[in-house]
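Take a look at the structure below.
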Amino acid sequence: MFLHSFPKLANISTVFFVVSSYQIEGAVNEDGRGPSIWDTFCKIPGKIAGGATGDVACDSYHRTHEDIALLKECGAKAYRFSISWSRIIPLGGRNDPVNEKGIQHYSKFIDDLHAAGITPLVTLFHWDLPDELDKRYGGFLNKDEFVADFANYARVLFNAFGSRVKHWITFNEPWCSSVLGYNVGQFAPGRTSDRTRNPVGDGSREPWIVGHSLLVAHGAAVKIYREEFKAQDGGEIAITLNGDWAEPWDPENPADIEACDRKIEFAISWFADPIYHGKYPDSMAKQLGDRLPKWTPEDIALVHGSNDFYGMNHYCANYIKAKTGEPDPNDVAGNLEILLQNNKGEWIGPETQSPWLRPSAIGFRKLLKWLSDRYNHPKIYVTENGTSLKGENDLPLEQLLQDEFRTQYFRDYVGAMADAYTLDGVNVRGYMAWSLMDNFEWAEGYETRFGVTYVDYENGQKRIPKQSAKAIGQIFKEYIEKSSSL
Ligand code: PNW
């Protein structure tokens with residue numbers, strides 16, 4: 001019905017793509033870049049599959065022209081990428097020098113994107129904290145220092161690029177930084193209570209401190225943007241949150257049904273409730289007690305109302321089974337089990353290469369509605385959505401390029417989003433596919449591929465579009481045309 005005007009992000013009416021700095025750039029020692037916590041983490045044996053690092057990755061730092069040509073070939077009208085903080089301020093801090101070469105690199109890239117008719121969406125932070133800030137004061141664990149340094153970094157970016165960038169995302173997936181970085185220990189800086197993984201860390205307390213710091217830093221950056229830049233630049237700014245849909249393990253069991261909401265609250269509302277409702281969810285306050293930081297009036301004033309849109313990263317769904325008994329102090333999920341099969345032994349979706357990711361497109365539609373209801377109908381941009389394929393890396397090239405599974409994933413998910421828009425009245429306005437090309441998939445190294453474009457890491461990082469790269473533009477077009485004729 002309204003879908004002809006559907007994926008309207010500013011003047012954008014087609015699909016676009018996402019990447020992040022550490023996952024694609026390489027050139028880690030070039031033009032004055034300082035190390036990030038991921039450079040350091042990758043050097044620890046056993047942390048990354050295949051001992052991989054982001055030292056070269058897709059070599060995008062040297063191949064911005066190739067990447068722009070690829071975007072054009074895929075028909076993309078916008079590109080979400082992140083900026084490497086330690087290229088801009090190699091040591092990261094507010095009294096540390098700014099690296100002009102880092103500014104120039106992104107400045108030229110932004111100009112080149114505009115020249116190619118592609119709108120940039122910029123993420124300030126996609127997990128690659130300057131290593132020095134972690135060493136200097138414990139990074140996110142030190143709220144006051146971290147917030148002041150992030151605010152300074154944000155101002156440097158708004159100053160340098162604000163006239164040419166109209167869509168800003170402060171943090172990508174603070175849940176991952178907090179939980180995977182400070183509880184599970186699977187992501188940098190790898191802190192955890194699990195002493196088989198790391199001699200340091202307290203997974204029962206640190207994730208909640210880290211999440212709190214990230215929220216306040218987000219709020220501080222938004223305040224700077226609104227007070228110092230918005231009037232002249234006219235852009236918008238928000239945070240991007242990840243979260244999966246939750247179905248009860250036993251649909252007849254009220255405890256499992258209740259646990260589904262709690263699961264989403266622990267993953268998403270942890271961040272979204274303070275932003276939209278000015279407080280943490282009751283379920284979290286109840287379980288975590290004084291381990292959940294308290295809001296000061298100053299901090300919550302920064303955070304409450306700080307989203308111009310809701311940035312939604314979404315990949316999959318899970319079955320949820322309530323646990324009985326007292327929660328483990330290291331529990332971060334809401335005292336429940338996250339499962340891939342229900343009580344009848346049915347899988348939530350088909351297997352992929354990522355152990356946590358089994359697609360269920362209907363879950364996307366349901367979560368869009370859930371978010372829309374809970375947060376009073378916000379404008380939503382889907383800032384990431386995509387899939388890996390079981391065994392893709394081991395396929396002969398010819399077969400690998402025929403990624404029908406990924407194409408079908410996009411068909412199903414874009415369709416579910418269109419239904420959320422037309423049938424459920426969800427105000428979803430943009431969609432970004434993860435990812436433009438295969439890249440460094442964090443702890444899974446290069447063995448897991450998420451790209452619509454194949455990257456040949458053995459042969460000069462050559463890029464070859466897969467079937468899905470060609471199909472996704474067409475899928476969008478069909479949905480738009482179909483619904484505009486309703
Ligand atoms: C997102 N999980 O990460 C990130 O924003 C990307 O950088 C990443 O490459 C992409 O999704 C694919 O993984 C996630 O374990 C990583 O639930 C792990 C999880 C969720 C999101």
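Every chain in the structure tokens has a letter given in the order shown (A, B, ...), and although residue numbers restart at 1 in each chain, ligands are simply numbered from 1 in the order shown.
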Counting only C-alpha atoms and all ligand atoms, which protein, DNA or RNA residues come within 9 Å of ligand 1, given as a short mmCIF file (atom, residue, chain, number, x, y, z; two decimals) with N, CA, C and O atoms, in the first residue's frame?
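Below is the file that was written, result07.cif:
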data_model
loop_
_atom_site.label_atom_id
_atom_site.label_comp_id
_atom_site.auth_asym_id
_atom_site.auth_seq_id
_atom_site.Cartn_x
_atom_site.Cartn_y
_atom_site.Cartn_z
N VAL A 18 26.50 -2.80 4.30
CA VAL A 18 27.23 -2.45 5.51
C VAL A 18 28.57 -3.16 5.58
O VAL A 18 28.68 -4.32 5.19
N VAL A 19 29.54 -2.48 6.16
CA VAL A 19 30.83 -3.08 6.52
C VAL A 19 31.32 -2.39 7.79
O VAL A 19 30.67 -1.46 8.27
N SER A 20 32.47 -2.84 8.33
CA SER A 20 33.07 -2.08 9.44
C SER A 20 34.58 -2.04 9.28
O SER A 20 35.16 -2.90 8.61
N TYR A 22 37.53 -2.47 11.06
CA TYR A 22 38.54 -3.51 11.32
C TYR A 22 38.29 -4.75 10.46
O TYR A 22 39.21 -5.48 10.14
N GLN A 23 37.05 -4.96 10.06
CA GLN A 23 36.74 -6.17 9.30
C GLN A 23 37.16 -6.10 7.83
O GLN A 23 37.26 -7.14 7.19
N HIS A 126 32.68 0.69 15.88
CA HIS A 126 32.29 -0.70 15.64
C HIS A 126 33.37 -1.59 16.27
O HIS A 126 34.10 -2.30 15.59
N TRP A 127 33.51 -1.46 17.58
CA TRP A 127 34.28 -2.38 18.45
C TRP A 127 35.79 -2.17 18.51
O TRP A 127 36.45 -2.78 19.36
N ASN A 172 27.91 0.54 17.39
CA ASN A 172 27.34 -0.67 16.84
C ASN A 172 27.26 -1.74 17.92
O ASN A 172 28.27 -2.12 18.49
N GLU A 173 26.05 -2.21 18.20
CA GLU A 173 25.84 -3.38 19.06
C GLU A 173 26.58 -3.33 20.39
O GLU A 173 27.50 -4.12 20.63
N TRP A 175 25.67 -4.51 23.05
CA TRP A 175 25.52 -5.84 23.68
C TRP A 175 26.76 -6.69 23.42
O TRP A 175 27.27 -7.36 24.31
N CYS A 176 27.25 -6.66 22.16
CA CYS A 176 28.42 -7.48 21.81
C CYS A 176 29.66 -6.99 22.55
O CYS A 176 30.42 -7.79 23.10
N LEU A 180 30.05 -10.12 24.94
CA LEU A 180 31.08 -10.97 24.32
C LEU A 180 32.48 -10.53 24.75
O LEU A 180 33.39 -11.33 24.86
N THR A 240 22.91 1.71 17.24
CA THR A 240 22.42 0.48 16.61
C THR A 240 22.49 -0.68 17.60
O THR A 240 23.54 -0.93 18.19
N LEU A 241 21.35 -1.36 17.78
CA LEU A 241 21.26 -2.46 18.74
C LEU A 241 21.01 -3.78 18.02
O LEU A 241 20.23 -3.82 17.07
N ASN A 242 21.67 -4.83 18.49
CA ASN A 242 21.40 -6.14 17.92
C ASN A 242 20.41 -6.90 18.80
O ASN A 242 20.32 -6.65 20.00
N GLY A 243 19.69 -7.81 18.20
CA GLY A 243 18.78 -8.65 18.98
C GLY A 243 18.04 -9.62 18.09
O GLY A 243 17.67 -9.30 16.96
N ASP A 244 17.86 -10.82 18.62
CA ASP A 244 17.19 -11.88 17.88
C ASP A 244 15.76 -12.00 18.38
O ASP A 244 15.43 -11.54 19.47
N ASN A 313 19.97 -4.12 14.17
CA ASN A 313 20.70 -5.23 13.55
C ASN A 313 19.98 -6.51 13.91
O ASN A 313 19.66 -6.74 15.08
N HIS A 314 19.73 -7.35 12.91
CA HIS A 314 18.92 -8.54 13.17
C HIS A 314 19.32 -9.68 12.24
O HIS A 314 19.48 -9.48 11.04
N TYR A 315 19.45 -10.88 12.81
CA TYR A 315 19.90 -12.03 12.01
C TYR A 315 19.03 -13.28 12.13
O TYR A 315 18.91 -14.02 11.18
N CYS A 316 18.46 -13.53 13.33
CA CYS A 316 17.91 -14.87 13.54
C CYS A 316 16.94 -14.91 14.72
O CYS A 316 16.59 -13.88 15.28
N SER A 354 27.48 -20.02 11.10
CA SER A 354 27.59 -19.37 12.41
C SER A 354 26.74 -20.16 13.41
O SER A 354 25.53 -20.28 13.22
N PRO A 355 27.38 -20.69 14.47
CA PRO A 355 26.63 -21.54 15.41
C PRO A 355 25.41 -20.84 16.01
O PRO A 355 24.44 -21.50 16.37
N TRP A 356 25.43 -19.52 16.12
CA TRP A 356 24.34 -18.77 16.76
C TRP A 356 23.24 -18.37 15.77
O TRP A 356 22.22 -17.83 16.18
N LEU A 357 23.46 -18.62 14.49
CA LEU A 357 22.55 -18.04 13.49
C LEU A 357 21.77 -19.11 12.73
O LEU A 357 22.33 -19.82 11.89
N THR A 383 19.86 -1.80 10.20
CA THR A 383 21.23 -1.40 9.88
C THR A 383 22.14 -2.60 9.60
O THR A 383 23.29 -2.41 9.20
N GLU A 384 21.65 -3.81 9.82
CA GLU A 384 22.34 -5.04 9.40
C GLU A 384 21.34 -6.17 9.33
O GLU A 384 20.49 -6.31 10.21
N ASN A 385 21.49 -7.01 8.29
CA ASN A 385 20.73 -8.24 8.17
C ASN A 385 21.44 -9.07 7.10
O ASN A 385 21.80 -8.57 6.05
N GLY A 386 21.66 -10.35 7.40
CA GLY A 386 22.35 -11.19 6.43
C GLY A 386 22.64 -12.55 7.03
O GLY A 386 22.26 -12.84 8.16
N THR A 387 23.33 -13.40 6.27
CA THR A 387 23.61 -14.74 6.77
C THR A 387 24.93 -15.30 6.23
O THR A 387 25.40 -14.88 5.17
N SER A 388 25.48 -16.24 6.98
CA SER A 388 26.56 -17.08 6.48
C SER A 388 25.93 -18.35 5.91
O SER A 388 24.72 -18.56 6.04
N TRP A 434 24.09 -7.00 5.46
CA TRP A 434 25.43 -7.39 5.91
C TRP A 434 25.81 -8.64 5.14
O TRP A 434 25.15 -9.65 5.34
N SER A 435 26.79 -8.61 4.25
CA SER A 435 27.67 -7.48 4.07
C SER A 435 27.99 -7.34 2.59
O SER A 435 27.73 -8.25 1.81
N ASN A 439 34.40 -10.77 4.83
CA ASN A 439 35.39 -9.99 5.57
C ASN A 439 35.79 -10.71 6.84
O ASN A 439 35.39 -11.85 7.07
N PHE A 440 36.59 -10.04 7.66
CA PHE A 440 37.09 -10.63 8.90
C PHE A 440 35.92 -10.79 9.88
O PHE A 440 35.43 -9.80 10.41
N GLU A 441 35.50 -12.05 10.09
CA GLU A 441 34.31 -12.30 10.90
C GLU A 441 34.74 -12.53 12.37
O GLU A 441 34.45 -13.56 12.97
N TRP A 442 35.44 -11.57 12.92
CA TRP A 442 35.82 -11.55 14.34
C TRP A 442 36.42 -12.88 14.77
O TRP A 442 37.32 -13.37 14.09
N GLU A 444 35.61 -15.75 14.40
CA GLU A 444 35.53 -16.82 13.40
C GLU A 444 36.48 -16.59 12.22
O GLU A 444 36.49 -17.37 11.26
N THR A 448 34.27 -17.96 8.07
CA THR A 448 32.84 -17.68 7.92
C THR A 448 32.68 -16.46 7.01
O THR A 448 33.27 -15.42 7.27
N ARG A 449 31.88 -16.65 5.99
CA ARG A 449 31.69 -15.57 5.00
C ARG A 449 30.27 -15.03 5.09
O ARG A 449 29.33 -15.80 5.20
N PHE A 450 30.14 -13.72 5.04
CA PHE A 450 28.82 -13.07 5.09
C PHE A 450 28.55 -12.21 3.86
O PHE A 450 27.53 -11.55 3.77
#
Set the distance at 12 Å and use only C-alpha atoms: which residues neighbour region 71-74 of chain A once local chain neighbours fewer than 5 positions away are removed? I'd like the list as a PyMOL selection string.
chain A and resi 14-19+64-66+79-80+112-120+433+435-437+452-453+463-474+476
Keeping N, CA, C and O atoms, export the residues of the selection given above as a compact mmCIF listing (two decimals), in the first residue's frame.
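Output file out-v2.txt follows:
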# COMPACT_ATOMS: atom_id res chain seq x y z
N THR A 14 16.55 2.21 -2.47
CA THR A 14 16.98 0.87 -2.84
C THR A 14 17.83 0.29 -1.72
O THR A 14 18.10 0.94 -0.73
N VAL A 15 18.24 -0.94 -1.90
CA VAL A 15 19.00 -1.64 -0.89
C VAL A 15 20.40 -1.01 -0.73
O VAL A 15 20.92 -0.41 -1.65
N PHE A 16 20.95 -1.14 0.46
CA PHE A 16 22.35 -0.76 0.59
C PHE A 16 23.09 -1.66 1.55
O PHE A 16 22.51 -2.55 2.15
N PHE A 17 24.38 -1.43 1.67
CA PHE A 17 25.27 -2.42 2.28
C PHE A 17 26.04 -1.87 3.47
O PHE A 17 26.23 -0.67 3.59
N VAL A 18 26.50 -2.80 4.30
CA VAL A 18 27.23 -2.45 5.51
C VAL A 18 28.57 -3.16 5.58
O VAL A 18 28.68 -4.32 5.19
N VAL A 19 29.54 -2.48 6.16
CA VAL A 19 30.83 -3.08 6.52
C VAL A 19 31.32 -2.39 7.79
O VAL A 19 30.67 -1.46 8.27
N THR A 64 39.52 1.69 -2.02
CA THR A 64 38.24 2.40 -1.90
C THR A 64 37.56 2.52 -3.27
O THR A 64 36.33 2.44 -3.37
N HIS A 65 38.36 2.68 -4.32
CA HIS A 65 37.75 2.81 -5.65
C HIS A 65 37.09 1.53 -6.10
O HIS A 65 35.99 1.55 -6.66
N GLU A 66 37.76 0.41 -5.82
CA GLU A 66 37.17 -0.89 -6.16
C GLU A 66 35.86 -1.10 -5.40
O GLU A 66 34.88 -1.61 -5.94
N TYR A 79 25.81 3.47 1.69
CA TYR A 79 26.83 2.58 2.23
C TYR A 79 27.05 2.92 3.69
O TYR A 79 27.33 4.07 4.02
N ARG A 80 26.84 1.93 4.56
CA ARG A 80 27.13 2.14 5.99
C ARG A 80 28.50 1.55 6.28
O ARG A 80 28.74 0.37 6.04
N ASP A 112 34.31 10.68 -2.55
CA ASP A 112 34.22 9.75 -3.68
C ASP A 112 32.87 9.03 -3.70
O ASP A 112 32.31 8.77 -4.77
N LEU A 113 32.35 8.71 -2.50
CA LEU A 113 31.02 8.08 -2.45
C LEU A 113 29.97 9.03 -3.02
O LEU A 113 29.16 8.65 -3.86
N HIS A 114 30.00 10.27 -2.55
CA HIS A 114 29.04 11.26 -3.06
C HIS A 114 29.16 11.41 -4.57
O HIS A 114 28.14 11.45 -5.28
N ALA A 115 30.39 11.45 -5.06
CA ALA A 115 30.60 11.61 -6.50
C ALA A 115 29.98 10.44 -7.27
O ALA A 115 29.55 10.59 -8.41
N ALA A 116 29.94 9.27 -6.61
CA ALA A 116 29.36 8.09 -7.26
C ALA A 116 27.86 7.98 -7.00
O ALA A 116 27.24 6.98 -7.37
N GLY A 117 27.31 8.98 -6.34
CA GLY A 117 25.86 8.96 -6.08
C GLY A 117 25.48 8.04 -4.94
O GLY A 117 24.35 7.54 -4.87
N ILE A 118 26.41 7.77 -4.04
CA ILE A 118 26.16 6.86 -2.91
C ILE A 118 26.20 7.65 -1.60
O ILE A 118 27.16 8.37 -1.33
N THR A 119 25.15 7.52 -0.81
CA THR A 119 25.04 8.27 0.45
C THR A 119 25.79 7.54 1.56
O THR A 119 25.53 6.36 1.80
N PRO A 120 26.70 8.22 2.26
CA PRO A 120 27.40 7.56 3.37
C PRO A 120 26.58 7.58 4.67
O PRO A 120 25.97 8.60 5.00
N ALA A 433 22.10 -4.54 4.00
CA ALA A 433 22.50 -5.95 4.00
C ALA A 433 23.93 -6.09 4.52
O ALA A 433 24.84 -5.38 4.09
N SER A 435 26.79 -8.61 4.25
CA SER A 435 27.67 -7.48 4.07
C SER A 435 27.99 -7.34 2.59
O SER A 435 27.73 -8.25 1.81
N LEU A 436 28.54 -6.19 2.23
CA LEU A 436 28.92 -5.97 0.84
C LEU A 436 29.87 -7.06 0.35
O LEU A 436 29.78 -7.53 -0.77
N MET A 437 30.79 -7.45 1.22
CA MET A 437 31.76 -8.49 0.80
C MET A 437 32.18 -9.33 2.00
O MET A 437 32.03 -8.91 3.15
N VAL A 452 27.89 -10.62 0.01
CA VAL A 452 27.25 -10.88 -1.28
C VAL A 452 28.31 -10.89 -2.37
O VAL A 452 28.03 -11.18 -3.53
N THR A 453 29.53 -10.55 -1.96
CA THR A 453 30.67 -10.59 -2.88
C THR A 453 31.73 -11.50 -2.28
O THR A 453 32.02 -11.41 -1.08
N ARG A 463 37.73 -9.31 -5.65
CA ARG A 463 36.30 -9.35 -5.34
C ARG A 463 35.50 -9.90 -6.52
O ARG A 463 35.63 -9.38 -7.63
N ILE A 464 34.67 -10.90 -6.26
CA ILE A 464 33.78 -11.43 -7.32
C ILE A 464 32.36 -11.50 -6.77
O ILE A 464 32.10 -12.22 -5.82
N PRO A 465 31.43 -10.72 -7.36
CA PRO A 465 30.05 -10.75 -6.86
C PRO A 465 29.44 -12.16 -6.93
O PRO A 465 29.64 -12.87 -7.91
N LYS A 466 28.72 -12.54 -5.88
CA LYS A 466 28.00 -13.81 -5.87
C LYS A 466 26.60 -13.58 -6.48
O LYS A 466 26.21 -12.44 -6.75
N GLN A 467 25.85 -14.67 -6.61
CA GLN A 467 24.48 -14.55 -7.11
C GLN A 467 23.65 -13.55 -6.29
O GLN A 467 22.88 -12.75 -6.82
N SER A 468 23.83 -13.59 -4.97
CA SER A 468 23.01 -12.74 -4.09
C SER A 468 23.26 -11.25 -4.34
O SER A 468 22.36 -10.43 -4.16
N ALA A 469 24.47 -10.90 -4.79
CA ALA A 469 24.78 -9.49 -5.06
C ALA A 469 23.89 -8.98 -6.19
O ALA A 469 23.43 -7.84 -6.17
N LYS A 470 23.68 -9.86 -7.16
CA LYS A 470 22.85 -9.47 -8.31
C LYS A 470 21.38 -9.52 -7.95
O LYS A 470 20.58 -8.73 -8.42
N ALA A 471 21.02 -10.49 -7.10
CA ALA A 471 19.60 -10.73 -6.80
C ALA A 471 19.01 -9.70 -5.85
O ALA A 471 17.84 -9.35 -5.96
N ILE A 472 19.80 -9.20 -4.91
CA ILE A 472 19.19 -8.45 -3.82
C ILE A 472 18.56 -7.14 -4.31
O ILE A 472 17.48 -6.76 -3.86
N GLY A 473 19.19 -6.51 -5.28
CA GLY A 473 18.60 -5.29 -5.85
C GLY A 473 17.26 -5.61 -6.49
O GLY A 473 16.27 -4.87 -6.34
N GLN A 474 17.21 -6.73 -7.18
CA GLN A 474 15.99 -7.18 -7.85
C GLN A 474 14.89 -7.50 -6.83
O GLN A 474 13.72 -7.14 -7.03
N PHE A 476 14.46 -6.21 -3.93
CA PHE A 476 13.93 -4.94 -3.43
C PHE A 476 12.96 -4.33 -4.42
O PHE A 476 11.88 -3.89 -4.06
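Residues in contact with Asp31 (chain A) at 12 Å, where only C-alpha atoms are counted and same-chain residues fewer than 6 positions away are skipped, are listed as Tyr61, His62, Ser86, Arg87, Ile88, Ile89, Pro90, Asn99, Glu100, Lys101, Gly102, Ile103, Gln104 and His105 of chain A.
Checking A:Ser269, A:Thr296, A:Gln402, A:Gln341 one by one against Pro248 (chain A), counting only C-alpha atoms, you find the shortest gap at A:Gln341.
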Pull the alpha helix (DSSP H) assignments for region 75-290 of chain A out of DSSP run on the backbone, and list those residues as a count of residues only.
97
List the neighbours of Asp149 (chain A) out to 8 Å using only C-alpha atoms; skip same-chain residues closer than 5 positions along the sequence, and give me the result as a PyMOL selection string.
chain A and resi 92-94
Residue contacts of Asp373 (chain A) (9 Å, only C-alpha atoms) excluding same-chain residues fewer than 5 positions away, as a VMD selection string
chain A and resid 368 378 426
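With only C-alpha atoms as the atoms that count, the residue of A:Arg374, A:Gly334, A:Thr352, A:Lys344 with the shortest distance to Ala272 (chain A) is A:Arg374.
When only C-alpha atoms are used to measure the gap to Asn318 (chain A), the shortest distance among A:Asp261, A:Asp67, A:Glu247, A:Asp299 belongs to A:Glu247.
If only C-alpha atoms are the atoms counted, then among A:Leu91, A:Ala418, A:Leu70, A:Ala322 the closest residue to Leu133 (chain A) is A:Leu91.
Minimum atom-to-atom distances from A:Gly50, A:Arg195, A:Phe158, A:Ser213 to Glu145 (chain A) were compared using only C-alpha atoms, and the lowest value belongs to A:Ser213.
Excluding Lys379 (chain A) itself and any same-chain residue fewer than 4 positions from it, the protein and nucleic acid residues within 6 Å of it, counting only C-alpha atoms, are Phe309, Asn427 and Val428 of chain A.
CA of Gly460 (chain A) to CA of Val56 (chain A) spans 10.0 Å [interatomic distance, one decimal].
Nearest residue to Arg205 (chain A), choosing from A:Tyr182, A:Tyr454, A:Tyr421, A:Trp370 and counting only C-alpha atoms: A:Tyr182.
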With DSSP run on the backbone, what are the strand (DSSP E) residues within region 353-392 of chain A? I'd like them as a PDB file with N, CA and C atoms, in the first residue's frame.
ATOM      1  N   ILE A 380      12.397   3.119  12.121  1.00  0.00           N
ATOM      2  CA  ILE A 380      13.415   2.068  12.257  1.00  0.00           C
ATOM      3  C   ILE A 380      14.232   1.976  10.969  1.00  0.00           C
ATOM      4  N   TYR A 381      15.548   1.941  11.110  1.00  0.00           N
ATOM      5  CA  TYR A 381      16.406   1.525  10.000  1.00  0.00           C
ATOM      6  C   TYR A 381      16.992   0.180  10.365  1.00  0.00           C
ATOM      7  N   VAL A 382      16.826  -0.785   9.487  1.00  0.00           N
ATOM      8  CA  VAL A 382      17.520  -2.057   9.683  1.00  0.00           C
ATOM      9  C   VAL A 382      18.954  -1.814   9.233  1.00  0.00           C
ATOM     10  N   THR A 383      19.864  -1.798  10.198  1.00  0.00           N
ATOM     11  CA  THR A 383      21.234  -1.401   9.876  1.00  0.00           C
ATOM     12  C   THR A 383      22.143  -2.598   9.600  1.00  0.00           C
ATOM     13  N   GLU A 384      21.646  -3.814   9.823  1.00  0.00           N
ATOM     14  CA  GLU A 384      22.342  -5.042   9.403  1.00  0.00           C
ATOM     15  C   GLU A 384      21.340  -6.173   9.325  1.00  0.00           C
TER      16      GLU A 384
END
At a cut-off of 12 Å, using only C-alpha atoms, what residues contact region 43-45 of chain A? Leave out same-chain residues fewer than 2 positions from it and give the result as a PyMOL selection string.
chain A and resi 35-41+47-55+186-190+197-198+443
What does the file look like for those residues with C-alpha atoms, as an mmCIF file, in the first residue's frame?
data_model
loop_
_atom_site.group_PDB
_atom_site.id
_atom_site.type_symbol
_atom_site.label_atom_id
_atom_site.label_comp_id
_atom_site.auth_asym_id
_atom_site.auth_seq_id
_atom_site.Cartn_x
_atom_site.Cartn_y
_atom_site.Cartn_z
ATOM 1 C CA PRO A 35 46.528 -0.268 17.395
ATOM 2 C CA SER A 36 43.013 -1.124 18.558
ATOM 3 C CA ILE A 37 41.995 -3.747 21.112
ATOM 4 C CA TRP A 38 41.283 -6.091 18.203
ATOM 5 C CA ASP A 39 44.879 -5.872 16.914
ATOM 6 C CA THR A 40 46.018 -6.872 20.387
ATOM 7 C CA PHE A 41 43.377 -9.574 20.855
ATOM 8 C CA LYS A 47 41.473 -16.450 20.150
ATOM 9 C CA ILE A 48 40.717 -16.305 16.418
ATOM 10 C CA ALA A 49 39.910 -19.219 14.095
ATOM 11 C CA GLY A 50 42.907 -20.065 11.944
ATOM 12 C CA GLY A 51 45.049 -17.558 13.848
ATOM 13 C CA ALA A 52 43.650 -14.824 11.586
ATOM 14 C CA THR A 53 44.043 -11.061 12.072
ATOM 15 C CA GLY A 54 42.706 -7.920 10.402
ATOM 16 C CA ASP A 55 46.215 -6.955 9.234
ATOM 17 C CA GLN A 186 35.092 -14.361 23.029
ATOM 18 C CA PHE A 187 35.610 -10.818 21.691
ATOM 19 C CA ALA A 188 38.251 -8.197 22.518
ATOM 20 C CA PRO A 189 39.346 -7.436 25.172
ATOM 21 C CA GLY A 190 38.379 -10.996 26.156
ATOM 22 C CA ARG A 197 39.927 -18.316 28.948
ATOM 23 C CA ASN A 198 41.455 -15.408 30.806
ATOM 24 C CA ALA A 443 36.558 -14.693 16.388
#
CA of Leu389 (chain A) to CA of Ile268 (chain A), distance in Å rounded to a single decimal
25.7 Å
